[in-house]
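Asker: Got a structure here, written out as structure tokens. Questions coming.
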Amino acid sequence: MSITATGEKKWVLEMGQGVYNDDGEVEALEGIVLDISDRKAIEDTLKYNNEHDRWTGLYNRDYLVSLLEKDIKLKKRSKKALIGINLSTVQLLTVNYGFQYSQNLIKKVADTLSQHCTDNRLLFRPREHRFIFYLFDYKDKNELIDFSNSLIKTLGSLFITERIGGGIGILEIEQNQNEVDIDLLLRRLLIASERYVSLFGKDFKICFYDKELEALVNRERDIVEALNVIAANDHITDDLFLQYQPIVNLKTGSVFGFEALARLRTEKLGLVPPLEFIPIAEKTKLILPLGEKVIVKALRFLNKLKEHGYDEIKISINISITQLLKPDFISKLFELMSEMQINPKNVGLEITETVFATDYDNINNVIEKLREAGLYIAIDDFGTGYSSLSRETGLKADCMKIDKYFIDMLLSANLNKAITSDIISMAHKLGHSTIAEGVEHDIQLQYLKEYGCDKIQGYLISRPLDEEDAIVFLKKHDIQGEQLSIMSS
Ligand code: C2E
Ligand code: MG
Ligand code: MG
């Protein structure tokens, strides 16, 4: 930098060389001074663009990566952490209010979050709906939590009208490492910040990336891998299999049917419960091919039952909303049933009550068509989901499966307060039959009988059984002359 005669500051490039005499000694120096201010300005702009996000003016991902690489290599800063703010829910606003609206909102977020910057808290915008704070030389974990809570407070008041939430992920960068995979660090941060993001939630939740989350994420990946293999395999494998839990008619004592419950077992994972792998299958849409395999297996079992002379028994199959809303779900199911010569009256489908919150009319239409074809439709986990009475009246299902929560209630000291009987009578008034789920104790059975519940399912009758055991169960039941010992009390 030089100052001109008029006092102006200029960027200059000085070039010079010596002038030598015949003896090789320096006689003089000659040189030129070039004004490179314009070139410098262009360079500065390029550097700025390389390091900053255009829309918000914040630092961008590239700059974050280069800064982290440098700091980790030079072992700069005593403690280092990243806090990721995931605002993917803003996409919902784009759908409703347009691109410009959400862009402006992101700008507002950037300006507001900037106010939390200090010398050792830098703010970045690595991706469209994400922000990252890079913190260094902080005291301890508590400081990170306190800081995240202050961010939540800021964001909460900013989104007060939009009523959306998001996720905050915290990742501490281990000390004393020379080589660190920055991509991996950022991916982990993303995992932590995505962990609790719910499309319909209105809160911000904090999640630390730690060994536990890592184990969870690895397990989830292993499950997805196992499900992928099953989905891609044309032959039916035994890694995905069904167990059958009896449903007994309380009025007649006869076996009404079985609920088909999916299980996953692989060498690497052992036995994985459906409560763990079904949500993963739903999230990845693998539930579509897997659900088809479940249906095929259940229908095969129906044919096996027929071979043993049981042609009145129903098999109830759990169906996810993703399956149900697939346009060709009904036609494919009907095709399969006719190919396998299945009588529709032997087939039941269980649909959880929560699905009605999403697309009530559409789902109700699908149910109506299935019922017209003779299938039996049960609303699963009834009482825990979308319980608007006005809608319940219009539900086209045959039966309500009363959730275990209301059956457990019957074990509490104050039976008078249990609303289970009200649920039974409400379902009856609306023309639906009732199945009680998760009946484990005789006291529950007695109550359910007294208040006219139609059917029960639960460990008191039997745990879910393998195919062979399910057939043994039926045979035993025949011998007992439709009078299970527990029914007579
Ligand atoms: P669900 O349909 O409500 O199934 C009832 C669950 O309660 C089953 O758990 C069953 O084993 C359990 N259960 C039955 N009686 C008792 C009892 O007396 N006490 C206790 N504590 N539990 C009892 P499971 O097999 O772990 O299945 C969990 C959930 O996974 C099912 O809940 C269903 O929503 C889902 N699921 C299972 N198989 C499939 C499937 O093939 N497709 C889909 N989409 N979901 C499935
Ligand atoms: Mg079920
Ligand atoms: Mg249930």
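Order determines the names: the first chain of the structure tokens is A, the second B, and so forth; residues in each chain are numbered 1 upward, and ligands are numbered 1 upward as they are shown.
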From a backbone DSSP assignment, name each residue in region 314-445 of chain A labelled helix (DSSP H, G or I), as JSON, numbers by chain.
Answerer: {"A": [321, 322, 323, 324, 329, 330, 331, 332, 333, 334, 335, 336, 337, 338, 339, 344, 345, 346, 353, 354, 355, 356, 357, 358, 359, 360, 361, 362, 363, 364, 365, 366, 367, 368, 369, 370, 371, 372, 389, 390, 391, 392, 393, 394, 404, 405, 406, 407, 408, 409, 410, 411, 415, 416, 417, 420, 421, 422, 423, 424, 425, 426, 427, 428, 429, 442, 443, 444, 445]}
Asker: Select the residues contacting ligand 2 at a distance of at most 9 Å, based on only C-alpha atoms and all ligand atoms, then format the selection as a PyMOL selection string.
Answerer: chain A and resi 259-261+316-319+349-352+378-381+401+437
Asker: Would you kindly return, as a PyMOL selection string, each protein, DNA or RNA residue with an atom no farther than 10 Å from any atom of Asp62 (chain A), considering only C-alpha atoms and excluding same-chain residues fewer than 6 positions away?
Answerer: chain A and resi 50-53+68+124+126
Asker: Would you list the residues that come within 9 Å of ligand 1? Count only C-alpha atoms and all ligand atoms and give the answer as a ChimeraX atom specification.
Answerer: /A:242-245,259-263,273-279,281-282,287,290-291,293-295,317-323,350-352,380-381,401,403-404,437-441,457-464
Asker: What does the file look like for those residues with N, CA and C atoms, as a compact mmCIF listing (two decimals), in the first residue's frame?
Answerer:
# COMPACT_ATOMS: atom_id res chain seq x y z
N LEU A 242 -43.41 -63.41 9.70
CA LEU A 242 -44.59 -62.98 10.44
C LEU A 242 -44.87 -63.89 11.62
N GLN A 243 -45.37 -63.29 12.68
CA GLN A 243 -45.94 -64.09 13.76
C GLN A 243 -47.41 -63.74 13.84
N TYR A 244 -48.16 -64.65 14.43
CA TYR A 244 -49.61 -64.49 14.41
C TYR A 244 -50.15 -64.51 15.84
N GLN A 245 -50.88 -63.45 16.19
CA GLN A 245 -51.43 -63.40 17.55
C GLN A 245 -52.95 -63.59 17.50
N GLU A 259 -53.79 -61.64 14.24
CA GLU A 259 -53.15 -60.46 13.68
C GLU A 259 -51.75 -60.88 13.22
N ALA A 260 -51.41 -60.52 11.98
CA ALA A 260 -50.08 -60.82 11.45
C ALA A 260 -49.13 -59.71 11.89
N LEU A 261 -48.05 -60.08 12.58
CA LEU A 261 -47.10 -59.08 13.07
C LEU A 261 -45.72 -59.35 12.48
N ALA A 262 -45.16 -58.34 11.85
CA ALA A 262 -43.89 -58.52 11.13
C ALA A 262 -42.71 -58.53 12.08
N ARG A 263 -41.75 -59.36 11.80
CA ARG A 263 -40.48 -59.42 12.53
C ARG A 263 -39.32 -59.42 11.56
N PRO A 273 -37.44 -55.50 16.71
CA PRO A 273 -38.90 -55.36 16.87
C PRO A 273 -39.49 -54.41 15.81
N PRO A 274 -40.74 -54.65 15.45
CA PRO A 274 -41.36 -53.79 14.42
C PRO A 274 -41.43 -52.33 14.83
N LEU A 275 -41.53 -52.08 16.13
CA LEU A 275 -41.60 -50.68 16.55
C LEU A 275 -40.31 -49.95 16.18
N GLU A 276 -39.24 -50.73 15.95
CA GLU A 276 -37.99 -50.10 15.54
C GLU A 276 -37.87 -50.05 14.01
N PHE A 277 -38.19 -51.17 13.34
CA PHE A 277 -37.88 -51.16 11.90
C PHE A 277 -39.02 -50.64 11.02
N ILE A 278 -40.26 -50.71 11.49
CA ILE A 278 -41.36 -50.21 10.64
C ILE A 278 -41.23 -48.69 10.42
N PRO A 279 -40.99 -47.89 11.47
CA PRO A 279 -40.82 -46.44 11.20
C PRO A 279 -39.68 -46.16 10.22
N ALA A 281 -38.68 -48.22 7.84
CA ALA A 281 -39.18 -48.64 6.53
C ALA A 281 -40.14 -47.58 5.96
N GLU A 282 -40.89 -46.94 6.86
CA GLU A 282 -41.83 -45.90 6.39
C GLU A 282 -41.06 -44.68 5.91
N ILE A 287 -41.24 -49.48 2.99
CA ILE A 287 -42.45 -50.15 3.45
C ILE A 287 -43.29 -50.61 2.24
N LEU A 290 -41.72 -53.96 1.13
CA LEU A 290 -41.78 -54.87 2.28
C LEU A 290 -43.22 -55.20 2.65
N GLY A 291 -44.07 -54.17 2.57
CA GLY A 291 -45.50 -54.37 2.87
C GLY A 291 -46.11 -55.40 1.93
N LYS A 293 -44.53 -57.89 0.58
CA LYS A 293 -44.05 -59.21 1.00
C LYS A 293 -44.83 -59.69 2.22
N VAL A 294 -45.13 -58.76 3.12
CA VAL A 294 -45.92 -59.12 4.31
C VAL A 294 -47.28 -59.65 3.86
N ILE A 295 -47.90 -58.94 2.91
CA ILE A 295 -49.22 -59.36 2.44
C ILE A 295 -49.16 -60.76 1.82
N ILE A 317 -53.93 -57.79 8.68
CA ILE A 317 -52.59 -57.32 8.28
C ILE A 317 -52.47 -55.81 8.57
N ASN A 318 -51.38 -55.43 9.20
CA ASN A 318 -51.15 -53.99 9.46
C ASN A 318 -50.69 -53.29 8.18
N ILE A 319 -51.32 -52.17 7.90
CA ILE A 319 -50.99 -51.44 6.66
C ILE A 319 -50.60 -50.01 7.01
N SER A 320 -49.49 -49.54 6.44
CA SER A 320 -49.07 -48.16 6.68
C SER A 320 -49.76 -47.23 5.69
N ILE A 321 -49.83 -45.98 6.07
CA ILE A 321 -50.52 -45.02 5.20
C ILE A 321 -49.87 -44.90 3.83
N THR A 322 -48.53 -45.02 3.79
CA THR A 322 -47.82 -44.93 2.51
C THR A 322 -48.34 -46.01 1.55
N GLN A 323 -48.59 -47.19 2.11
CA GLN A 323 -49.10 -48.28 1.27
C GLN A 323 -50.52 -47.95 0.80
N GLU A 350 -55.50 -53.56 9.15
CA GLU A 350 -55.47 -52.67 10.31
C GLU A 350 -54.79 -51.37 9.92
N ILE A 351 -55.49 -50.28 10.19
CA ILE A 351 -54.96 -48.97 9.82
C ILE A 351 -54.95 -48.13 11.09
N THR A 352 -53.80 -47.52 11.42
CA THR A 352 -53.78 -46.79 12.69
C THR A 352 -54.60 -45.51 12.58
N ASP A 380 -56.70 -49.32 14.13
CA ASP A 380 -55.74 -49.74 15.15
C ASP A 380 -55.49 -48.61 16.16
N ASP A 381 -55.06 -49.00 17.34
CA ASP A 381 -54.66 -48.04 18.39
C ASP A 381 -55.75 -46.99 18.62
N LYS A 401 -59.98 -51.15 17.28
CA LYS A 401 -59.10 -51.87 18.20
C LYS A 401 -58.72 -50.90 19.30
N ASP A 403 -56.92 -49.16 22.06
CA ASP A 403 -55.49 -49.18 22.37
C ASP A 403 -55.21 -49.72 23.76
N LYS A 404 -54.04 -50.36 23.88
CA LYS A 404 -53.61 -50.98 25.15
C LYS A 404 -53.64 -49.97 26.30
N GLU A 437 -57.01 -54.50 22.84
CA GLU A 437 -55.61 -54.90 22.56
C GLU A 437 -54.83 -55.03 23.87
N GLY A 438 -53.90 -55.95 23.92
CA GLY A 438 -52.97 -56.03 25.05
C GLY A 438 -53.61 -56.43 26.36
N VAL A 439 -54.54 -57.38 26.29
CA VAL A 439 -55.17 -57.86 27.53
C VAL A 439 -54.22 -58.86 28.19
N GLU A 440 -53.80 -58.53 29.40
CA GLU A 440 -52.81 -59.38 30.08
C GLU A 440 -53.35 -60.02 31.35
N HIS A 441 -54.39 -59.42 31.92
CA HIS A 441 -54.84 -59.89 33.24
C HIS A 441 -56.33 -60.19 33.25
N GLN A 457 -57.51 -59.53 22.44
CA GLN A 457 -56.21 -60.00 21.94
C GLN A 457 -55.20 -59.61 23.01
N GLY A 458 -54.29 -60.49 23.32
CA GLY A 458 -53.29 -60.12 24.34
C GLY A 458 -52.63 -61.35 24.93
N TYR A 459 -51.59 -61.10 25.74
CA TYR A 459 -50.81 -62.19 26.30
C TYR A 459 -51.67 -63.14 27.15
N LEU A 460 -52.78 -62.64 27.68
CA LEU A 460 -53.64 -63.51 28.48
C LEU A 460 -54.13 -64.69 27.64
N ILE A 461 -54.40 -64.42 26.37
CA ILE A 461 -54.83 -65.49 25.47
C ILE A 461 -53.59 -66.18 24.90
N SER A 462 -52.72 -65.37 24.29
CA SER A 462 -51.49 -65.93 23.72
C SER A 462 -50.58 -64.80 23.24
N ARG A 463 -49.28 -65.07 23.28
CA ARG A 463 -48.31 -64.18 22.65
C ARG A 463 -48.36 -64.42 21.14
N PRO A 464 -47.77 -63.54 20.33
CA PRO A 464 -47.71 -63.82 18.89
C PRO A 464 -46.96 -65.14 18.64
Asker: Please run DSSP on the backbone and report, as a PyMOL selection string, all residues within region 376-451 of chain A that come out as strand (DSSP E or B).
Answerer: chain A and resi 376-382+399-402+433-436
Asker: Separation of CA of Ala28 (chain A) and CA of Glu14 (chain A), in Å?
Answerer: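 Interatomic distance here is 16.1 Å.
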Asker: For ligand 3, which of A:Asp119, A:Glu25, A:Glu353, A:Asp478 is the closest residue, counting only C-alpha atoms and all ligand atoms?
Answerer: A:Glu353
Asker: Rank A:Ile479, A:Met409, A:Leu430, A:Ile402 by their smallest atom-to-atom distance to ligand 3, using only C-alpha atoms and all ligand atoms, and report the top residue only.
Answerer: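 The answer is A:Ile402, which sits nearest to ligand 3.
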Asker: Which one is closest to Ile182 (chain A): A:Ile72, A:Leu288, A:Val248, A:Ile152? Count only C-alpha atoms.
Answerer: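 Of A:Ile72, A:Leu288, A:Val248, A:Ile152, the one nearest Ile182 (chain A) is A:Ile72, counting only C-alpha atoms.
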Asker: Could you tell me which of A:Gly18, A:Gly383, A:Gly452, A:Gly431 comes closest to ligand 3 if we count only C-alpha atoms and all ligand atoms?
Answerer: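 Under the stated criterion, the closest residue is A:Gly383.
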